[in-house]
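Chemist: Encoded as structure tokens, here's the structure I'll be asking about.
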Amino acid sequence: MISQVSQPRLKGFRFPRSVISYAVWAYHRFALSLRDVEDLLSERGVIVSYESIRAWCQRFGTQIAAEIRHDRPVAADSRAELYASECVTREAARRFDMGLVVSTEAAAAKMLATESVGRIADRAVQILGGAGYMAEYPVERIYRDVRLLRIYEGTTQIQQLIIARNLLRDHQAGTRL
């Protein structure tokens with residue numbers, strides 16, 4: 001539930017600033033319908049009419065949308081990292097399916113993917129600000145869970161050791177790099 005106690009209110013509005021800004025932010029950030037925003041707030045224990053949300057979006061939408069535009073490069077970086085991780089992982093899987101030894105590729109894919117998802121989750125928390133640490137937002141749980149991905153099947157440092165060991169072995173054997 002979004003807390004409504006002791007939060008500053010905008011003059012002339014019944015709800016605290018955090019509720020209004022969250023509703024307008026959700027509407028613009030995720031291209032939700034006003035009914036979807038109404039349902040989202042309702043799930044968090046805040047009952048607001050469709051008309052109120054519409055008025056908030058008309059009054060504060062330009063300002064919130066401008067703030068969201070500043071987040072676009074962050075979203076682009078995250079998407080690029082996600083795509084790179086997918087490509088490296090698919091290439092390692094393709095080589096494995098061909099019967100090749102892929103310990104280097106698998107370690108590189110695991111290392112790249114887990115480090116990328118860590119940065120992506122960190123950016124998501126940063127975009128949400130303090131709300132990113134609140135349990136009612138899914139990004140808080142994702143942020144905590146992502147840390148475990150870096151540990152499962154070997155930490156990043158272990159993956160680096162595997163990659164380095166295999167590169168040295170391949171170099172000494174005169175095989176591919």
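To be explicit about the labels: the chains of the structure tokens are called A, B, and onward in the order shown, and within each one the residues are counted from 1, while ligands get numbers from 1 in the order they are shown.
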As a ChimeraX atom specification, please: the residues near segment 72-81 of chain A (cut-off 10 Å, only C-alpha atoms, same-chain neighbours under 2 positions excluded).

Modeler: /A:67-70,83-87,112-113,115-117,119-121,123-124,126-127

Chemist: The selected residues should be written to file as a PDB file, in the first residue's frame (atoms: C-alpha atoms).

Modeler:
ATOM      1  CA  GLU A  67      11.529  13.658 -16.483  1.00  0.00           C
ATOM      2  CA  ILE A  68      10.912  10.272 -18.116  1.00  0.00           C
ATOM      3  CA  ARG A  69      12.648  11.426 -21.313  1.00  0.00           C
ATOM      4  CA  HIS A  70      15.807  11.839 -19.259  1.00  0.00           C
ATOM      5  CA  TYR A  83      20.722  -7.899 -26.264  1.00  0.00           C
ATOM      6  CA  ALA A  84      24.492  -8.461 -26.009  1.00  0.00           C
ATOM      7  CA  SER A  85      23.971 -10.982 -23.216  1.00  0.00           C
ATOM      8  CA  GLU A  86      21.350 -12.828 -25.251  1.00  0.00           C
ATOM      9  CA  CYS A  87      23.640 -12.971 -28.297  1.00  0.00           C
ATOM     10  CA  LEU A 112      28.350 -10.958 -19.090  1.00  0.00           C
ATOM     11  CA  ALA A 113      24.704 -11.812 -18.412  1.00  0.00           C
ATOM     12  CA  GLU A 115      26.917  -8.466 -14.561  1.00  0.00           C
ATOM     13  CA  SER A 116      24.567  -6.890 -17.114  1.00  0.00           C
ATOM     14  CA  VAL A 117      21.428  -7.826 -15.220  1.00  0.00           C
ATOM     15  CA  ARG A 119      23.586  -3.074 -13.776  1.00  0.00           C
ATOM     16  CA  ILE A 120      20.090  -3.136 -15.297  1.00  0.00           C
ATOM     17  CA  ALA A 121      18.472  -3.791 -11.899  1.00  0.00           C
ATOM     18  CA  ARG A 123      19.421   1.396 -13.035  1.00  0.00           C
ATOM     19  CA  ALA A 124      15.796   0.414 -12.417  1.00  0.00           C
ATOM     20  CA  GLN A 126      17.897   4.429  -9.542  1.00  0.00           C
ATOM     21  CA  ILE A 127      15.080   5.503 -11.889  1.00  0.00           C
TER      22      ILE A 127
END

Chemist: Contacts of Val139 of chain A at 12 Å or less, counting only C-alpha atoms, minus same-chain residues fewer than 3 places along, as a PyMOL selection string?

Modeler: chain A and resi 118+120-136+142-146

Chemist: Tell me which of A:Leu34, A:Ala173, A:Met111, A:Leu168 sits closest to Cys57 of chain A, counting only C-alpha atoms.

Modeler: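 Selected residue with least distance to Cys57 of chain A: A:Leu34.
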
Chemist: Applying 9 Å and only C-alpha atoms, which residues near Gln160 of chain A remain after dropping the ones on its own chain fewer than 3 positions away? List them as number ranges by chain.

Modeler: A: 107-108, 111, 155-157, 163-165

Chemist: Rounded to one decimal in Å, what is the spacing between atom CA of Leu82 of chain A and atom CA of Ile151 of chain A?

Modeler: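 It comes out at 19.0 Å.
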
Chemist: In Å, how far is it from atom CA of Val101 of chain A to atom CA of Leu148 of chain A?

Modeler: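 Those two atoms sit 26.6 Å apart.
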
Chemist: Run DSSP on the backbone and give me the residues of chain A it puts in helix (DSSP H, G or I), as an NGL selection string.

Modeler: :A and (17-29 or 34-43 or 50-69 or 72-97 or 103-133 or 138-149 or 156-173)

Chemist: Calculated over only C-alpha atoms, which of the candidates A:Ala92, A:Val48, A:Val24, A:Ile162 has the smallest distance to Thr62 of chain A?

Modeler: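 Residue with the minimum atom-to-atom distance to Thr62 of chain A: A:Val24.
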
Chemist: Check the smallest atom-to-atom distance from each of A:Ala106, A:Ile20, A:Ile158, A:Leu32 to Ile53 of chain A using only C-alpha atoms, then report the winner.

Modeler: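 For Ile53 of chain A, the nearest of the candidates is A:Ile20.
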
Chemist: Would you mind reading off the distance between atom CA of Gly154 of chain A and atom CA of Lys110 of chain A, one decimal, in Å?

Modeler: 9.0 Å
